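Worksheet: the structure to be examined is printed underneath.
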Amino acid sequence: MVKRNIEIFDTTLRDGEQSPGATLTIDEKLKIAHQLAKLNIDTMEAGFPIASSDDFEAVKLIAQNVEGPYICGLCRTVEADIQRAWDAVKHSNKPCIHTFIATSDLHLQYKLKKTREEALEMAKKGVRLAKSFTDRVEFSAEDASRTDKEYLCEVIQAVIDEGAVVVNIPDTVGYSQTEEFGDLIDYIKENVENIDDAIISVHCHNDMGLAVANSLEAVRRGAGQVEGTINGLGERAGNAALEEVIMNFKTRPDYFDCDTGINTTEIYPTSKMVAEHTGISVQRNKAIVGENAFAHEAGIHQHGMLSNPLCYEIMKPEDVGKKTQLVFGKHSGRHAVENGLKKLDYEFNQEQLNKITQKIKDLADKQKTVLEDDIIAIADYELNKSSKKPKVVLEELAVMTGNKITPTAIVKVNVEGKQKISTAYGIGTVDAATNAIRNILDSNIKLKEYNLKAITGGTNALADVSLTLTDSLEKEYKARAIDEDIVMASVKAVINGMNKMERKK
Ligand code: KIV
Ligand code: ZN
């Protein structure tokens, strides 16, 4: 059976950027736009050009530089807005104008102070003008889910007559229940005579946690486009998380007779990029892209995973650009440890395995998660591989910083029994300390990624640093360390990474 193609409309750079706390520079928007094109979305809403000159410039720059998707600008149904949106998107070879007006009585009375008749006329006029610029015109009836159904259908029919090729039904305040939203789509299909001349789009907000469910139900009832954002960013509780929508279609073809053109392996890289630039990180247990989404800690789960990943994974992490992680914690069992040690090329007997497993569990009780480095240290100790003692040991660290002093660090390390000392400056104390260590060990080593998290809140939180170092051949080494002090945690992580490099050598 031929599957229906569902178009994916990404509004990360518009509704997503409206998330409280998320602002992106023009360069960041362009970088994300290129990544969204790699993901192969169908339409990219790049901004709201009349909102500010920065928004206008960003949409224009994206229209000039990004190929693949329709590049869309949002505008109200007023002449100046539509003209401004066109001036920005016209540089694309696939321009799109998205014009909207609220249609619920509540919005008409309190926000727009217009009658239904006046709003209907504005909608028609706006679409007519947009259509004089480009063929790809989308119309949205803001607050559609709280709009009188008959009036909503009247507006939709009129804008399709004016040439709208996409009609969007937003659940602007995330009010709709799933079945109710599906029924609304059925109602529109039954009561708008020319509905087959346009694609029905849905745009759901997540105020009650139903944005993805409502979007999926709408697709089952005939919607042909889903709007949303990466990581579910957006006004208030956000928009439908596109990665979740897309993976539902891919994982349950038996339930949804549809497909998207999305290159799903780009999902995780896109999510990471968006989180990094907006500064809004993804919760650990977030579906599809959260750090824990494909991590298994419980011993029974790990055993099942090792026998057959289908036991506990309904999608392949590789399909979204991630990897399975067997996390060692207090719930992990011998099977997982055995597997981890074999991967690290250790040879051991059952008694040694039992001891190592017990030590890992003891450490997990104290430290929450146990990483590869910890396992190597425990296994080396238990298996008496003294040759694998760390080459570099931190002996002393002093840092100086303030508002009128260049951050400076003095580091003393012991490298295979020899003490070495170095002083260096940096942009901050972490940078200064890293530079001092590089002076001693190898100036070709580079800090590629640096991530700092606080474990538990408050000013006395533990600092958890994970980072990636690269050597002169650009090979990557990941390391992590935890300490009460941010600089100490960072330096320890750098030294762990350097020891890892040595071990691999
Ligand atoms: O939520 C909403 O109604 C919107 C429209 C502008 C589509 O973002
Ligand atoms: Zn919205």
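Ligands are numbered from 1 in the order shown, residues from 1 within each chain, and chains are lettered A, B, ... in the order they appear in the structure tokens.
Taking only C-alpha atoms and all ligand atoms into account, ligand 2 has within 7 Å the residues A:Asp15, A:Pro170, A:Thr172, A:His203, A:His205, A:Glu235, A:Asn239.
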May I have the residues from that selection written out with N, CA and C atoms, as an mmCIF file, in the first residue's frame?
```cif
data_model
loop_
_atom_site.group_PDB
_atom_site.id
_atom_site.type_symbol
_atom_site.label_atom_id
_atom_site.label_comp_id
_atom_site.auth_asym_id
_atom_site.auth_seq_id
_atom_site.Cartn_x
_atom_site.Cartn_y
_atom_site.Cartn_z
ATOM 1 N N ASP A 15 8.406 29.965 16.467
ATOM 2 C CA ASP A 15 7.686 29.693 17.720
ATOM 3 C C ASP A 15 8.687 29.209 18.779
ATOM 4 N N PRO A 170 -4.432 25.664 14.420
ATOM 5 C CA PRO A 170 -3.640 25.634 15.648
ATOM 6 C C PRO A 170 -4.484 25.378 16.900
ATOM 7 N N THR A 172 -3.794 26.692 19.767
ATOM 8 C CA THR A 172 -2.867 27.738 20.215
ATOM 9 C C THR A 172 -2.525 27.672 21.699
ATOM 10 N N HIS A 203 -1.034 22.530 14.346
ATOM 11 C CA HIS A 203 0.000 23.246 15.081
ATOM 12 C C HIS A 203 -0.426 23.205 16.552
ATOM 13 N N HIS A 205 0.027 23.140 20.704
ATOM 14 C CA HIS A 205 0.855 23.550 21.847
ATOM 15 C C HIS A 205 0.676 22.549 22.984
ATOM 16 N N GLU A 235 6.410 28.745 22.783
ATOM 17 C CA GLU A 235 5.717 29.569 23.775
ATOM 18 C C GLU A 235 5.264 28.710 24.967
ATOM 19 N N ASN A 239 5.794 23.646 21.815
ATOM 20 C CA ASN A 239 5.038 23.094 20.673
ATOM 21 C C ASN A 239 5.219 21.578 20.647
#
```
Identify, on the basis of only C-alpha atoms, every residue whose closest approach to A:Met498 does not exceed 9 Å; exclude the query and any residue fewer than 4 positions from it along the same chain; express the result as a PyMOL selection string.
chain A and resi 391-392+441+445+469+477+479+493-494+502-503
For ligand 1, return the neighbouring residues as an mmCIF file with all heavy atoms, in the first residue's frame (distance at most 8 Å; only C-alpha atoms and all ligand atoms).
```
data_model
loop_
_atom_site.group_PDB
_atom_site.id
_atom_site.type_symbol
_atom_site.label_atom_id
_atom_site.label_comp_id
_atom_site.auth_asym_id
_atom_site.auth_seq_id
_atom_site.Cartn_x
_atom_site.Cartn_y
_atom_site.Cartn_z
ATOM 1 N N ASP A 15 8.406 29.965 16.467
ATOM 2 C CA ASP A 15 7.686 29.693 17.720
ATOM 3 C C ASP A 15 8.687 29.209 18.779
ATOM 4 O O ASP A 15 8.589 29.543 19.959
ATOM 5 C CB ASP A 15 6.608 28.624 17.488
ATOM 6 C CG ASP A 15 5.305 28.949 18.217
ATOM 7 O OD1 ASP A 15 5.377 29.633 19.239
ATOM 8 O OD2 ASP A 15 4.226 28.523 17.767
ATOM 9 N N LEU A 74 6.480 34.449 8.873
ATOM 10 C CA LEU A 74 5.147 34.616 9.476
ATOM 11 C C LEU A 74 4.721 36.082 9.377
ATOM 12 O O LEU A 74 5.556 36.995 9.466
ATOM 13 C CB LEU A 74 5.195 34.182 10.952
ATOM 14 C CG LEU A 74 3.865 34.270 11.711
ATOM 15 C CD1 LEU A 74 2.862 33.225 11.203
ATOM 16 C CD2 LEU A 74 4.077 34.068 13.221
ATOM 17 N N THR A 99 0.379 33.519 6.762
ATOM 18 C CA THR A 99 -0.343 34.646 7.341
ATOM 19 C C THR A 99 -1.440 34.145 8.282
ATOM 20 O O THR A 99 -2.020 33.090 8.044
ATOM 21 C CB THR A 99 -0.890 35.566 6.217
ATOM 22 O OG1 THR A 99 -1.458 36.718 6.815
ATOM 23 C CG2 THR A 99 -1.941 34.875 5.338
ATOM 24 N N PHE A 100 -1.661 34.879 9.373
ATOM 25 C CA PHE A 100 -2.609 34.369 10.374
ATOM 26 C C PHE A 100 -3.462 35.478 10.969
ATOM 27 O O PHE A 100 -3.068 36.644 11.007
ATOM 28 C CB PHE A 100 -1.862 33.644 11.501
ATOM 29 C CG PHE A 100 -1.178 34.571 12.482
ATOM 30 C CD1 PHE A 100 -1.760 34.878 13.713
ATOM 31 C CD2 PHE A 100 0.040 35.156 12.170
ATOM 32 C CE1 PHE A 100 -1.125 35.737 14.619
ATOM 33 C CE2 PHE A 100 0.677 36.017 13.058
ATOM 34 C CZ PHE A 100 0.096 36.309 14.273
ATOM 35 N N ILE A 101 -4.657 35.058 11.423
ATOM 36 C CA ILE A 101 -5.498 35.949 12.227
ATOM 37 C C ILE A 101 -6.274 35.069 13.210
ATOM 38 O O ILE A 101 -6.616 33.924 12.891
ATOM 39 C CB ILE A 101 -6.459 36.802 11.343
ATOM 40 C CG1 ILE A 101 -7.160 37.856 12.215
ATOM 41 C CG2 ILE A 101 -7.486 35.945 10.614
ATOM 42 C CD1 ILE A 101 -7.824 38.970 11.411
ATOM 43 N N ALA A 102 -6.506 35.611 14.402
ATOM 44 C CA ALA A 102 -7.260 34.834 15.398
ATOM 45 C C ALA A 102 -8.728 34.782 14.991
ATOM 46 O O ALA A 102 -9.275 35.737 14.430
ATOM 47 C CB ALA A 102 -7.109 35.481 16.766
ATOM 48 N N SER A 140 -3.315 30.547 8.833
ATOM 49 C CA SER A 140 -3.621 29.965 10.139
ATOM 50 C C SER A 140 -4.762 30.705 10.806
ATOM 51 O O SER A 140 -4.761 31.938 10.859
ATOM 52 C CB SER A 140 -2.414 30.082 11.079
ATOM 53 O OG SER A 140 -1.466 29.119 10.772
ATOM 54 N N ALA A 141 -5.689 29.928 11.361
ATOM 55 C CA ALA A 141 -6.782 30.501 12.155
ATOM 56 C C ALA A 141 -6.362 30.362 13.616
ATOM 57 O O ALA A 141 -6.566 29.311 14.235
ATOM 58 C CB ALA A 141 -8.062 29.730 11.891
ATOM 59 N N GLU A 142 -5.727 31.405 14.141
ATOM 60 C CA GLU A 142 -5.199 31.306 15.506
ATOM 61 C C GLU A 142 -6.326 30.990 16.487
ATOM 62 O O GLU A 142 -7.436 31.490 16.348
ATOM 63 C CB GLU A 142 -4.506 32.632 15.885
ATOM 64 C CG GLU A 142 -3.687 32.508 17.160
ATOM 65 C CD GLU A 142 -3.195 33.856 17.680
ATOM 66 O OE1 GLU A 142 -3.564 34.898 17.111
ATOM 67 O OE2 GLU A 142 -2.455 33.849 18.679
ATOM 68 N N ASP A 143 -6.029 30.162 17.455
ATOM 69 C CA ASP A 143 -6.996 29.710 18.470
ATOM 70 C C ASP A 143 -8.153 28.931 17.825
ATOM 71 O O ASP A 143 -9.289 28.962 18.322
ATOM 72 C CB ASP A 143 -7.531 30.906 19.288
ATOM 73 C CG ASP A 143 -7.954 30.477 20.710
ATOM 74 O OD1 ASP A 143 -7.537 29.382 21.149
ATOM 75 O OD2 ASP A 143 -8.700 31.222 21.358
ATOM 76 N N ALA A 144 -7.836 28.202 16.755
ATOM 77 C CA ALA A 144 -8.872 27.462 16.013
ATOM 78 C C ALA A 144 -9.655 26.511 16.908
ATOM 79 O O ALA A 144 -10.870 26.366 16.772
ATOM 80 C CB ALA A 144 -8.217 26.682 14.872
ATOM 81 N N ASN A 168 -3.917 25.951 8.262
ATOM 82 C CA ASN A 168 -3.382 25.451 9.526
ATOM 83 C C ASN A 168 -4.406 25.615 10.644
ATOM 84 O O ASN A 168 -5.030 26.665 10.777
ATOM 85 C CB ASN A 168 -2.098 26.241 9.840
ATOM 86 C CG ASN A 168 -1.387 25.691 11.062
ATOM 87 O OD1 ASN A 168 -1.417 24.498 11.319
ATOM 88 N ND2 ASN A 168 -0.743 26.568 11.813
ATOM 89 N N ILE A 169 -4.540 24.542 11.437
ATOM 90 C CA ILE A 169 -5.513 24.535 12.533
ATOM 91 C C ILE A 169 -4.727 24.501 13.848
ATOM 92 O O ILE A 169 -4.379 23.429 14.352
ATOM 93 C CB ILE A 169 -6.422 23.267 12.440
ATOM 94 C CG1 ILE A 169 -6.922 23.054 11.005
ATOM 95 C CG2 ILE A 169 -7.583 23.332 13.429
ATOM 96 C CD1 ILE A 169 -7.766 24.208 10.447
ATOM 97 N N PRO A 170 -4.432 25.664 14.420
ATOM 98 C CA PRO A 170 -3.640 25.634 15.648
ATOM 99 C C PRO A 170 -4.484 25.378 16.900
ATOM 100 O O PRO A 170 -5.602 25.879 17.010
ATOM 101 C CB PRO A 170 -3.044 27.049 15.721
ATOM 102 C CG PRO A 170 -3.389 27.725 14.446
ATOM 103 C CD PRO A 170 -4.599 27.030 13.908
ATOM 104 N N ASP A 171 -3.913 24.574 17.781
ATOM 105 C CA ASP A 171 -4.469 24.475 19.139
ATOM 106 C C ASP A 171 -3.554 25.405 19.948
ATOM 107 O O ASP A 171 -2.654 24.967 20.668
ATOM 108 C CB ASP A 171 -4.389 23.019 19.628
ATOM 109 C CG ASP A 171 -5.013 22.847 21.007
ATOM 110 O OD1 ASP A 171 -5.831 23.703 21.402
ATOM 111 O OD2 ASP A 171 -4.673 21.865 21.694
ATOM 112 N N THR A 172 -3.794 26.692 19.767
ATOM 113 C CA THR A 172 -2.867 27.738 20.215
ATOM 114 C C THR A 172 -2.525 27.672 21.699
ATOM 115 O O THR A 172 -1.402 27.963 22.108
ATOM 116 C CB THR A 172 -3.483 29.112 19.859
ATOM 117 O OG1 THR A 172 -3.685 29.126 18.440
ATOM 118 C CG2 THR A 172 -2.599 30.269 20.263
ATOM 119 N N VAL A 173 -3.507 27.297 22.518
ATOM 120 C CA VAL A 173 -3.236 27.292 23.960
ATOM 121 C C VAL A 173 -3.218 25.875 24.536
ATOM 122 O O VAL A 173 -3.341 25.684 25.746
ATOM 123 C CB VAL A 173 -4.252 28.184 24.726
ATOM 124 C CG1 VAL A 173 -3.955 29.652 24.483
ATOM 125 C CG2 VAL A 173 -5.680 27.851 24.331
ATOM 126 N N HIS A 203 -1.034 22.530 14.346
ATOM 127 C CA HIS A 203 0.000 23.246 15.081
ATOM 128 C C HIS A 203 -0.426 23.205 16.552
ATOM 129 O O HIS A 203 -1.281 23.972 16.973
ATOM 130 C CB HIS A 203 0.049 24.678 14.534
ATOM 131 C CG HIS A 203 0.959 25.610 15.238
ATOM 132 N ND1 HIS A 203 2.084 26.148 14.647
ATOM 133 C CD2 HIS A 203 0.924 26.152 16.486
ATOM 134 C CE1 HIS A 203 2.690 26.969 15.489
ATOM 135 N NE2 HIS A 203 1.991 27.000 16.616
ATOM 136 N N CYS A 204 0.101 22.234 17.296
ATOM 137 C CA CYS A 204 -0.422 22.015 18.650
ATOM 138 C C CYS A 204 0.564 22.477 19.715
ATOM 139 O O CYS A 204 1.771 22.206 19.626
ATOM 140 C CB CYS A 204 -0.708 20.537 18.853
ATOM 141 S SG CYS A 204 -1.971 19.954 17.713
ATOM 142 N N HIS A 205 0.027 23.140 20.704
ATOM 143 C CA HIS A 205 0.855 23.550 21.847
ATOM 144 C C HIS A 205 0.676 22.549 22.984
ATOM 145 O O HIS A 205 -0.276 21.781 23.020
ATOM 146 C CB HIS A 205 0.524 24.992 22.253
ATOM 147 C CG HIS A 205 1.262 25.977 21.394
ATOM 148 N ND1 HIS A 205 2.481 26.501 21.759
ATOM 149 C CD2 HIS A 205 0.983 26.478 20.161
ATOM 150 C CE1 HIS A 205 2.903 27.317 20.797
ATOM 151 N NE2 HIS A 205 2.016 27.320 19.811
ATOM 152 N N GLU A 235 6.410 28.745 22.783
ATOM 153 C CA GLU A 235 5.717 29.569 23.775
ATOM 154 C C GLU A 235 5.264 28.710 24.967
ATOM 155 O O GLU A 235 4.778 27.598 24.782
ATOM 156 C CB GLU A 235 4.452 30.178 23.142
ATOM 157 C CG GLU A 235 4.695 31.361 22.236
ATOM 158 C CD GLU A 235 4.810 32.670 23.008
ATOM 159 O OE1 GLU A 235 4.796 32.664 24.239
ATOM 160 O OE2 GLU A 235 4.913 33.713 22.336
#
```
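Take the candidates A:Ile267, A:Glu193, A:Ser176, A:Lys90 and check each one against A:Lys38 using only C-alpha atoms; the shortest distance goes to A:Ile267.
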Using only C-alpha atoms, which protein or nucleic acid residues come within 12 Å of A:Leu112? Drop anything in the same chain fewer than 4 positions from it, and give the result as a VMD selection string.
chain A and resid 76 to 77 101 to 108 116 118 to 119 122 142
